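Q: Just model.txt, nothing more (compact mmCIF, C-alpha atoms):
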# COMPACT_ATOMS: atom_id res chain seq x y z
CA MET A 4 -26.30 -13.08 10.50
CA LYS A 5 -22.87 -14.12 9.26
CA ALA A 6 -21.56 -10.58 8.91
CA PRO A 7 -22.11 -9.36 12.52
CA LEU A 8 -20.53 -12.53 13.89
CA THR A 9 -17.47 -12.05 11.70
CA LEU A 10 -17.29 -8.42 12.79
CA VAL A 11 -17.31 -9.53 16.46
CA ILE A 12 -14.44 -11.95 15.83
CA VAL A 13 -12.38 -9.39 13.90
CA LEU A 14 -12.92 -6.62 16.47
CA ALA A 15 -12.12 -8.92 19.42
CA GLY A 16 -8.95 -10.06 17.66
CA THR A 17 -7.94 -6.45 17.04
CA TRP A 18 -8.54 -5.56 20.70
CA ILE A 19 -6.45 -8.45 22.00
CA LEU A 20 -3.72 -7.78 19.43
CA LEU A 21 -3.42 -4.10 20.31
CA SER A 22 -3.86 -4.40 24.09
CA GLY A 23 -2.01 -7.59 24.97
CA HIS A 24 -3.29 -7.56 28.56
CA TRP A 25 -5.30 -10.48 29.93
CA SER A 26 -6.63 -9.00 33.20
CA PHE A 27 -10.37 -9.28 33.82
CA PHE A 28 -10.98 -5.51 33.94
CA LEU A 29 -9.36 -4.75 30.56
CA LEU A 30 -10.97 -7.77 28.89
CA SER A 31 -14.42 -6.70 30.10
CA LEU A 32 -13.78 -3.22 28.70
CA GLY A 33 -12.92 -4.90 25.38
CA VAL A 34 -16.10 -6.98 25.40
CA ALA A 35 -18.17 -3.87 26.13
CA SER A 36 -16.52 -1.93 23.29
CA VAL A 37 -17.04 -4.75 20.79
CA VAL A 38 -20.69 -5.24 21.74
CA ILE A 39 -21.48 -1.52 21.58
CA THR A 40 -19.72 -1.14 18.21
CA VAL A 41 -21.52 -4.09 16.64
CA LEU A 42 -24.90 -3.01 18.03
CA CYS A 43 -24.42 0.51 16.64
CA GLY A 44 -23.36 -0.93 13.29
CA VAL A 45 -26.37 -3.25 13.10
CA ARG A 46 -28.76 -0.44 14.06
CA LEU A 47 -27.21 1.77 11.37
CA LYS A 48 -27.60 -1.14 8.89
CA ILE A 49 -24.00 -0.84 7.72
CA VAL A 50 -22.97 -4.39 8.67
CA ASP A 51 -23.60 -6.24 5.41
CA LYS A 52 -21.87 -8.12 2.62
CA GLU A 53 -19.99 -5.07 1.41
CA SER A 54 -18.58 -3.71 4.67
CA VAL A 55 -17.71 -7.19 6.02
CA PRO A 56 -16.79 -9.18 2.88
CA VAL A 57 -16.58 -12.56 4.57
CA HIS A 58 -17.57 -14.38 1.37
CA LEU A 59 -14.22 -13.33 -0.16
CA LEU A 60 -12.13 -15.03 2.54
CA PRO A 61 -11.56 -18.46 0.89
CA GLY A 62 -10.72 -16.80 -2.41
CA LEU A 63 -8.45 -14.31 -0.66
CA ILE A 64 -6.40 -17.10 0.90
CA ARG A 65 -5.79 -18.51 -2.59
CA TYR A 66 -5.27 -15.10 -4.19
CA THR A 67 -2.72 -13.58 -1.76
CA PRO A 68 0.20 -16.00 -2.47
CA TRP A 69 -0.32 -15.51 -6.22
CA LEU A 70 -0.28 -11.73 -5.75
CA ILE A 71 2.89 -11.91 -3.63
CA GLY A 72 4.58 -13.94 -6.36
CA GLN A 73 3.46 -11.39 -8.94
CA ILE A 74 4.78 -8.52 -6.77
CA ILE A 75 8.20 -10.17 -6.41
CA GLN A 76 8.38 -10.88 -10.15
CA SER A 77 7.50 -7.36 -11.24
CA SER A 78 9.65 -5.80 -8.50
CA LEU A 79 12.67 -7.62 -9.92
CA HIS A 80 11.66 -6.46 -13.40
CA VAL A 81 11.41 -2.80 -12.35
CA ALA A 82 14.58 -3.05 -10.22
CA ARG A 83 16.57 -4.28 -13.22
CA ARG A 84 15.27 -1.39 -15.33
CA VAL A 85 16.06 1.17 -12.63
CA LEU A 86 19.57 -0.12 -11.96
CA SER A 87 20.72 -0.54 -15.58
CA PRO A 88 22.81 2.50 -16.64
CA LYS A 89 20.87 3.32 -19.81
CA LEU A 90 17.49 3.44 -17.98
CA PRO A 91 15.52 1.46 -20.61
CA ILE A 92 11.99 2.48 -19.65
CA SER A 93 9.01 3.08 -21.94
CA PRO A 94 6.16 4.68 -19.95
CA THR A 95 2.74 4.16 -21.49
CA ILE A 96 -0.85 4.86 -20.55
CA ILE A 97 -3.28 2.09 -21.50
CA HIS A 98 -6.96 1.41 -20.97
CA ILE A 99 -7.99 -2.08 -19.93
CA ASP A 100 -11.36 -3.67 -19.30
CA THR A 101 -12.07 -4.40 -15.67
CA GLN A 102 -14.12 -7.53 -16.50
CA GLN A 103 -15.49 -7.46 -12.93
CA THR A 104 -19.07 -7.76 -11.77
CA ASP A 105 -19.39 -5.21 -8.96
CA ALA A 106 -17.64 -2.25 -7.37
CA LEU A 107 -15.86 -4.23 -4.65
CA ASN A 108 -14.10 -6.42 -7.20
CA SER A 109 -13.22 -3.46 -9.41
CA VAL A 110 -11.63 -1.80 -6.39
CA SER A 111 -9.67 -4.91 -5.42
CA TYR A 112 -8.52 -5.25 -9.04
CA ALA A 113 -7.37 -1.59 -9.16
CA ASN A 114 -5.69 -2.00 -5.77
CA SER A 115 -3.83 -5.08 -6.99
CA ILE A 116 -2.70 -3.19 -10.10
CA THR A 117 -1.33 -0.35 -7.99
CA LEU A 118 0.24 -2.71 -5.46
CA THR A 119 2.26 -4.39 -8.22
CA PRO A 120 5.33 -2.25 -8.96
CA GLY A 121 5.46 -1.06 -12.56
CA THR A 122 1.75 -0.36 -12.96
CA ILE A 123 -0.47 2.31 -11.36
CA SER A 124 -4.21 2.70 -11.85
CA LEU A 125 -4.88 6.33 -12.76
CA ASP A 126 -8.65 6.34 -13.14
CA VAL A 127 -11.19 3.67 -12.25
CA GLY A 128 -14.34 3.81 -14.34
CA LYS A 129 -17.36 1.56 -14.54
CA ASP A 130 -15.88 -0.95 -16.94
CA GLN A 131 -12.47 0.46 -17.82
CA ILE A 132 -9.35 1.24 -15.80
CA GLU A 133 -6.75 3.73 -16.98
CA VAL A 134 -3.32 2.36 -16.16
CA HIS A 135 0.12 3.95 -16.29
CA ALA A 136 2.82 1.34 -16.91
CA LEU A 137 6.55 1.89 -16.50
CA THR A 138 7.59 -0.48 -19.29
CA SER A 139 5.76 -1.90 -22.26
CA GLU A 140 6.38 -5.40 -20.85
CA SER A 141 4.38 -4.70 -17.70
CA ALA A 142 1.65 -3.15 -19.87
CA GLU A 143 1.57 -6.29 -22.02
CA SER A 144 1.39 -8.61 -19.03
CA LEU A 145 -1.55 -6.59 -17.71
CA LYS A 146 -3.28 -6.63 -21.09
CA SER A 147 -3.12 -10.42 -21.18
CA GLY A 148 -5.81 -10.37 -18.49
CA LEU A 149 -4.26 -12.93 -16.17
CA MET A 150 -4.70 -10.74 -13.10
CA ALA A 151 -8.32 -9.94 -14.00
CA LYS A 152 -8.95 -13.66 -14.25
CA GLN A 153 -7.40 -14.31 -10.83
CA VAL A 154 -9.47 -11.52 -9.22
CA ARG A 155 -12.60 -12.99 -10.85
CA LYS A 156 -11.66 -16.35 -9.46
CA MET A 157 -11.27 -14.79 -6.01
CA GLU A 158 -14.85 -13.52 -6.02
CA GLY A 159 -16.01 -16.98 -6.96
CA VAL A 160 -17.35 -16.33 -10.48
CA ARG A 161 -16.42 -19.11 -12.86
CA MET B 20 15.12 -25.21 13.59
CA SER B 21 15.13 -21.84 15.30
CA THR B 22 18.56 -21.04 13.84
CA ALA B 23 17.28 -21.78 10.33
CA ILE B 24 14.38 -19.36 10.83
CA GLU B 25 16.78 -16.73 12.19
CA ILE B 26 19.08 -17.11 9.18
CA LEU B 27 16.08 -16.82 6.86
CA GLY B 28 14.96 -13.71 8.75
CA GLY B 29 18.41 -12.16 8.40
CA ALA B 30 18.41 -12.89 4.67
CA LEU B 31 14.98 -11.28 4.36
CA LEU B 32 16.22 -8.21 6.27
CA ILE B 33 19.19 -7.80 3.91
CA THR B 34 16.91 -8.29 0.86
CA GLY B 35 14.52 -5.67 2.18
CA ALA B 36 17.35 -3.19 2.77
CA PHE B 37 18.57 -3.84 -0.80
CA PHE B 38 15.12 -3.12 -2.23
CA VAL B 39 14.82 0.03 -0.12
CA LEU B 40 18.07 1.20 -1.75
CA ILE B 41 16.71 0.35 -5.23
CA GLY B 42 13.55 2.32 -4.49
CA ALA B 43 15.64 5.31 -3.38
CA THR B 44 17.68 5.05 -6.58
CA GLY B 45 14.50 4.99 -8.63
CA LEU B 46 13.19 8.02 -6.74
CA LEU B 47 16.32 9.94 -7.72
CA ARG B 48 17.00 8.66 -11.24
CA LEU B 49 13.65 8.34 -13.00
CA PRO B 50 12.71 11.27 -15.25
CA ASP B 51 9.15 12.20 -14.31
CA ILE B 52 6.64 12.10 -11.45
CA LEU B 53 4.55 9.18 -12.70
CA THR B 54 7.61 6.99 -13.25
CA ARG B 55 9.01 8.02 -9.86
CA ILE B 56 5.89 6.63 -8.21
CA HIS B 57 6.82 3.23 -9.68
CA GLY B 58 10.26 3.54 -8.11
CA ALA B 59 8.84 4.49 -4.72
CA SER B 60 6.31 1.65 -4.80
CA ILE B 61 9.16 -0.91 -4.74
CA THR B 62 10.13 0.45 -1.32
CA ASP B 63 6.50 0.39 -0.19
CA THR B 64 5.79 -3.21 -1.15
CA LEU B 65 8.81 -5.46 -1.34
CA GLY B 66 11.22 -3.40 0.79
CA ALA B 67 8.84 -2.85 3.69
CA GLY B 68 7.36 -6.35 3.36
CA ALA B 69 10.71 -8.12 3.45
CA ILE B 70 12.00 -6.03 6.37
CA LEU B 71 8.85 -6.53 8.47
CA LEU B 72 8.73 -10.28 7.73
CA GLY B 73 12.40 -10.60 8.57
CA LEU B 74 11.87 -8.80 11.88
CA ALA B 75 8.90 -11.07 12.66
CA MET B 76 11.08 -14.13 12.04
CA THR B 77 13.99 -12.96 14.17
CA ALA B 78 11.66 -11.94 17.03
CA GLY B 79 10.12 -15.37 17.52
CA TRP B 80 6.48 -16.31 17.93
CA SER B 81 4.51 -13.91 20.16
CA LEU B 82 1.91 -11.14 20.05
CA LEU B 83 4.59 -9.02 18.38
CA THR B 84 4.39 -11.18 15.24
CA GLY B 85 0.70 -10.40 14.95
CA LYS B 86 1.38 -6.69 15.33
CA LEU B 87 4.05 -6.78 12.63
CA LEU B 88 1.66 -8.62 10.30
CA ALA B 89 -1.08 -6.07 11.08
CA LEU B 90 1.39 -3.31 10.18
CA LEU B 91 2.20 -5.12 6.94
CA ILE B 92 -1.48 -5.54 6.00
CA LEU B 93 -2.23 -1.90 6.81
CA MET B 94 0.66 -0.74 4.64
CA ALA B 95 -0.43 -3.05 1.80
CA LEU B 96 -3.95 -1.61 1.93
CA LEU B 97 -3.14 2.07 2.43
CA ASN B 98 -0.08 2.65 0.24
CA PRO B 99 -1.81 1.79 -3.08
CA SER B 100 -4.64 4.16 -2.20
CA ALA B 101 -2.16 6.96 -1.52
CA SER B 102 -0.22 6.24 -4.74
CA HIS B 103 -3.44 6.12 -6.75
CA ALA B 104 -4.58 9.48 -5.34
CA LEU B 105 -1.15 10.96 -6.01
CA ALA B 106 -0.95 9.62 -9.57
CA ARG B 107 -4.44 10.82 -10.36
CA ALA B 108 -3.75 14.30 -9.00
CA ALA B 109 -0.42 14.42 -10.85
CA VAL B 110 -2.00 13.45 -14.18
CA HIS B 111 -4.54 16.23 -13.79
CA GLY B 112 -1.94 18.68 -12.52
CA ILE B 113 1.07 18.38 -14.82
CA ARG B 114 -0.97 17.96 -18.02
CA LYS B 115 1.87 16.41 -19.99
CA PRO B 116 3.31 13.15 -18.64
CA TRP B 117 6.59 11.85 -20.02
CA LEU B 118 5.41 9.11 -22.40
CA GLU B 119 7.16 7.08 -25.02
CA LYS B 120 4.10 6.54 -27.18
CA GLU B 121 0.46 7.44 -27.09
CA ASP B 122 -2.41 5.17 -26.11
CA SER B 123 -2.82 2.43 -28.69
CA MET C 17 24.61 -6.32 13.53
CA ILE C 18 22.16 -6.91 10.68
CA LEU C 19 19.73 -4.47 12.29
CA THR C 20 22.40 -1.75 12.27
CA ILE C 21 23.06 -2.33 8.56
CA VAL C 22 19.32 -2.16 7.80
CA LEU C 23 19.03 1.05 9.85
CA ALA C 24 21.93 2.64 7.95
CA THR C 25 20.36 1.64 4.61
CA LEU C 26 17.05 3.15 5.65
CA LEU C 27 18.81 6.40 6.57
CA VAL C 28 20.46 6.46 3.12
CA GLY C 29 17.03 5.95 1.55
CA MET C 30 15.61 8.78 3.67
CA THR C 31 18.41 11.03 2.45
CA ALA C 32 17.46 10.21 -1.15
CA ALA C 33 13.83 11.07 -0.42
CA LEU C 34 14.94 14.36 1.17
CA ILE C 35 17.00 15.22 -1.91
CA ARG C 36 13.95 14.56 -4.08
CA ALA C 37 11.84 16.73 -1.78
CA ILE C 38 14.31 19.61 -2.08
CA LYS C 39 14.86 19.29 -5.84
CA GLY C 40 11.18 19.10 -6.70
CA PRO C 41 10.45 20.18 -9.45
CA THR C 42 6.64 19.91 -9.06
CA VAL C 43 4.59 19.88 -5.89
CA TYR C 44 3.64 16.24 -6.58
CA ASP C 45 7.29 15.19 -6.43
CA ARG C 46 7.48 16.73 -3.00
CA ILE C 47 4.32 14.94 -1.83
CA LEU C 48 5.71 11.66 -3.19
CA ALA C 49 8.99 12.30 -1.38
CA SER C 50 7.19 12.99 1.89
CA ASN C 51 5.15 9.80 1.42
CA ALA C 52 8.30 7.75 0.79
CA LEU C 53 9.94 9.44 3.78
CA GLY C 54 6.95 8.42 5.91
CA THR C 55 7.21 4.77 4.82
CA LYS C 56 10.89 4.71 5.70
CA THR C 57 10.20 6.45 9.01
CA ILE C 58 7.81 3.63 9.95
CA LEU C 59 10.49 1.06 9.15
CA VAL C 60 13.08 3.05 11.09
CA ILE C 61 10.78 3.17 14.14
CA VAL C 62 10.23 -0.60 14.06
CA VAL C 63 13.89 -1.47 13.48
CA LEU C 64 14.94 1.00 16.20
CA GLY C 65 12.50 -0.68 18.57
CA PHE C 66 14.17 -4.04 18.00
CA LEU C 67 17.60 -2.43 18.36
CA MET C 68 16.64 -0.80 21.68
CA GLY C 69 15.19 -4.04 23.03
CA ASP C 70 11.59 -2.95 23.67
CA PRO C 71 9.86 -3.53 20.32
CA SER C 72 6.21 -3.76 21.41
CA LEU C 73 6.26 -0.13 22.57
CA TYR C 74 7.67 1.12 19.28
CA ILE C 75 5.38 -0.96 17.05
CA ASP C 76 2.31 0.75 18.51
CA ILE C 77 3.82 4.09 17.51
CA ALA C 78 4.53 2.70 14.04
CA LEU C 79 0.91 1.51 13.67
CA MET C 80 -0.35 4.99 14.48
CA TYR C 81 2.22 6.48 12.11
CA VAL C 82 0.89 4.41 9.18
CA LEU C 83 -2.65 5.70 9.67
CA ILE C 84 -1.65 9.33 10.27
CA GLY C 85 0.79 9.28 7.36
CA PHE C 86 -1.91 8.09 4.96
CA ILE C 87 -4.39 10.72 6.14
CA GLY C 88 -1.68 13.38 5.94
CA THR C 89 -0.77 12.48 2.35
CA VAL C 90 -4.39 12.54 1.24
CA ALA C 91 -5.04 15.83 3.06
CA VAL C 92 -2.04 17.54 1.47
CA LEU C 93 -3.09 16.22 -1.96
CA LYS C 94 -6.58 17.52 -1.45
CA VAL C 95 -5.36 20.96 -0.43
CA SER C 96 -3.00 21.15 -3.41
CA GLU C 97 -5.79 20.05 -5.76
CA PHE C 98 -8.81 22.00 -4.52
CA GLY C 99 -7.31 24.71 -2.33
CA ASP C 100 -9.23 23.60 0.77
CA LEU C 101 -10.16 20.48 2.67
CA GLY C 102 -13.74 20.47 1.45
CA GLN C 103 -15.60 22.29 4.22
CA SER C 104 -16.37 25.36 2.13
CA ARG C 105 -17.68 23.31 -0.81
CA SER C 106 -21.33 24.26 -0.19
CA ARG C 107 -20.48 27.94 0.19
CA THR C 108 -18.64 28.09 -3.16
CA GLU C 109 -21.58 26.35 -4.83
CA GLU C 110 -23.86 29.04 -3.43
CA ASP C 111 -21.52 31.69 -4.83
CA HIS C 112 -21.73 30.18 -8.29
CA SER C 113 -25.50 29.78 -8.34
The structure given in the file should be rewritten as structure tokens.

A:
Amino acid sequence: MKAPLTLVIVLAGTWILLSGHWSFFLLSLGVASVVITVLCGVRLKIVDKESVPVHLLPGLIRYTPWLIGQIIQSSLHVARRVLSPKLPISPTIIHIDTQQTDALNSVSYANSITLTPGTISLDVGKDQIEVHALTSESAESLKSGLMAKQVRKMEGVR
Amino acid sequence: MSTAIEILGGALLITGAFFVLIGATGLLRLPDILTRIHGASITDTLGAGAILLGLAMTAGWSLLTGKLLALLILMALLNPSASHALARAAVHGIRKPWLEKEDS
Amino acid sequence: MILTIVLATLLVGMTAALIRAIKGPTVYDRILASNALGTKTILVIVVLGFLMGDPSLYIDIALMYVLIGFIGTVAVLKVSEFGDLGQSRSRTEEDHS
């Protein structure tokens, strides 16, 4: 029951954000669209924990600032490497364990890896991710498993 | 108070422009496709993020702020997927990436 | 004033992406260049909106541009990888069997 309610709130917020009009006619159109969408989704049985991951929200609020800090840090790292005249890069391909419990968390882990400059996930397997790293430092910092631990904390597994 | 936020927004705009330039430099200087993706991803994350946040701060609090944040979230979700697809296709396509050492 | 500087920087970055698109050397470099060009185009649209004084109009265009740009990149990648967009998959399987 939690998932459809969250979907209603998110869809209504999106409608108001994109339309920006407060007249009765347009708002009633929005209500109709939201209700029809949610009813179709519920009848199709696609409104569940995976499509509306509301249980991740508290962890996400804690995780996002950490990720932004990580992005700034590694951006500065890559920027220094790019701007220095000798171009001191050492591209490597490494395999790391995902250490996650289900597909959603593996995907958010791989997405975080790619979002951080200096590392790209090349192939996401069941329990290993193939990662291309620009420098050996960024590869080492990924191997230390700090990010995997933070993503695990986000999903609420101790 | 509002002047402080505007100054902070201007600083963020300049920072974002600087990182866009760094990303462009990386796109031109780096030796191989996989490393160039790293260069371009600086523009996608920090450059775009700083510029959009700076614009949101200079614009003041309105529905526009929400739209800018929605743009930022969409870019943060979609750009990694595109880079991942590109990197994966490139690894399969070029066969021999420019590496310093093999997988340890 | 700051907006003009940011706009000029973005145009310099777009020029760099164009140079990479022309120089190549592989098709993936060109796709990456077009993706980077798309990101900078979005930023140019938003900054231009603020410069022209009617930002809410331009931001809607930018939102659409993000979505279409992503789909475009993935579609071009898929064509360069498989040679089609996937509709004729079943027919080729029939040919092989």

Q: Between A:Val11, A:Gln103, A:Thr122, A:Leu21, which residue has the minimum interatomic distance to chain C, considering all atoms listed in the file?

A: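 Among the listed residues, A:Leu21 lies closest to chain C.
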
Q: Just want the 10 Å neighbourhood of Leu53 in chain B, counted on only C-alpha atoms, with same-chain residues fewer than 2 positions away dropped. Output as a VMD selection string.

A: (chain A and resid 94 122 to 123 125 135 to 137) or (chain B and resid 49 to 51 55 to 58 102 105 to 107 109 to 110 116 to 118) or (chain C and resid 44 to 45 48)

Q: Would you list which chain A residues are within 6 Å of chain B using all atoms listed in the file, as a list in words?

A: Val85, Ser93, Pro94, Thr95, Ile96, Ile97, Thr117, Leu118, Pro120, Gly121 and Leu125 of chain A

Q: For Ile77 in chain C, list every protein, DNA or RNA residue within 10 Å, evaluated using all atoms listed in the file, and leave out those in the same chain fewer than 4 positions away; present the list as a list in words.

A: Ile58, Ile61, Val62, Gly65, Ser72, Leu73, Tyr81 and Val82 of chain C

Q: With C-alpha atoms retained, export the selected residues as a PDB file, in the frame of the given file.

A:
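Heads up, here's the output in part_28.pdb:
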ATOM      1  CA  ILE C  58       7.810   3.630   9.950  1.00  0.00           C
ATOM      2  CA  ILE C  61      10.780   3.170  14.140  1.00  0.00           C
ATOM      3  CA  VAL C  62      10.230  -0.600  14.060  1.00  0.00           C
ATOM      4  CA  GLY C  65      12.500  -0.680  18.570  1.00  0.00           C
ATOM      5  CA  SER C  72       6.210  -3.760  21.410  1.00  0.00           C
ATOM      6  CA  LEU C  73       6.260  -0.130  22.570  1.00  0.00           C
ATOM      7  CA  TYR C  81       2.220   6.480  12.110  1.00  0.00           C
ATOM      8  CA  VAL C  82       0.890   4.410   9.180  1.00  0.00           C
TER       9      VAL C  82
END

Q: When you get a sec, could you note down which chain B residues fall within 6 Å of chain C, using all atoms listed in the file, as a list in words?

A: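 Close to chain C, chain B has Ala36, Leu40, Ala43, Ile52 and Leu90 of chain B.
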
Q: What is the distance between CA of Ala151 in chain A and CA of Thr101 in chain A, in Å to one decimal?

A: 6.9 Å

Q: Emit as JSON the padded axis-aligned box for all listed atoms of range 20-38 of chain B, 5 Å per side, with centre and edge lengths in Å to one decimal.

A:
{"center_x": 16.8, "center_y": -14.2, "center_z": 6.5, "size_x": 14.8, "size_y": 32.1, "size_z": 27.5}

Q: CA of Ala23 in chain B and CA of Ala82 in chain A are how many Å apart?

A: 27.9 Å

Q: Starting from chain A, keep only residues with some atom at most 12 Å from an atom of chain C, counting all atoms listed in the file, and report them as a list in words.

A: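 So the residues of chain A near chain C are Leu20, Leu21, Ser22 and Gly23 of chain A.
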
Q: Mind pulling up the distance from CA of Ile92 in chain B to CA of Thr17 in chain A?

A: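 Computing it gives 12.8 Å between the two atoms.
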
Q: Taking into account all atoms listed in the file, which residue in the set A:Ser144, A:Pro61, A:Phe28, A:Ala35 is nearest to His80 in chain A?

A: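 Comparing A:Ser144, A:Pro61, A:Phe28, A:Ala35 against His80 in chain A, the winner is A:Ser144.
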
Q: Find the residues with any atom within 9 Å of (-10.5, -7.4, -4.7); use only C-alpha atoms and the coordinates as given in the file, and write the answer as a ChimeraX atom specification.

A: /A:59,63,107-115,154-155,157-158

Q: Can I get the selection written as a PDB file, in the coordinates of the input, with C-alpha atoms?

A:
ATOM      1  CA  LEU A  59     -14.220 -13.330  -0.160  1.00  0.00           C
ATOM      2  CA  LEU A  63      -8.450 -14.310  -0.660  1.00  0.00           C
ATOM      3  CA  LEU A 107     -15.860  -4.230  -4.650  1.00  0.00           C
ATOM      4  CA  ASN A 108     -14.100  -6.420  -7.200  1.00  0.00           C
ATOM      5  CA  SER A 109     -13.220  -3.460  -9.410  1.00  0.00           C
ATOM      6  CA  VAL A 110     -11.630  -1.800  -6.390  1.00  0.00           C
ATOM      7  CA  SER A 111      -9.670  -4.910  -5.420  1.00  0.00           C
ATOM      8  CA  TYR A 112      -8.520  -5.250  -9.040  1.00  0.00           C
ATOM      9  CA  ALA A 113      -7.370  -1.590  -9.160  1.00  0.00           C
ATOM     10  CA  ASN A 114      -5.690  -2.000  -5.770  1.00  0.00           C
ATOM     11  CA  SER A 115      -3.830  -5.080  -6.990  1.00  0.00           C
ATOM     12  CA  VAL A 154      -9.470 -11.520  -9.220  1.00  0.00           C
ATOM     13  CA  ARG A 155     -12.600 -12.990 -10.850  1.00  0.00           C
ATOM     14  CA  MET A 157     -11.270 -14.790  -6.010  1.00  0.00           C
ATOM     15  CA  GLU A 158     -14.850 -13.520  -6.020  1.00  0.00           C
TER      16      GLU A 158
END

Q: So, counting all atoms listed in the file, which residue among A:Thr119, A:Ser26, A:Lys156, A:Leu86 is closest to Ile64 in chain A?

A: A:Lys156
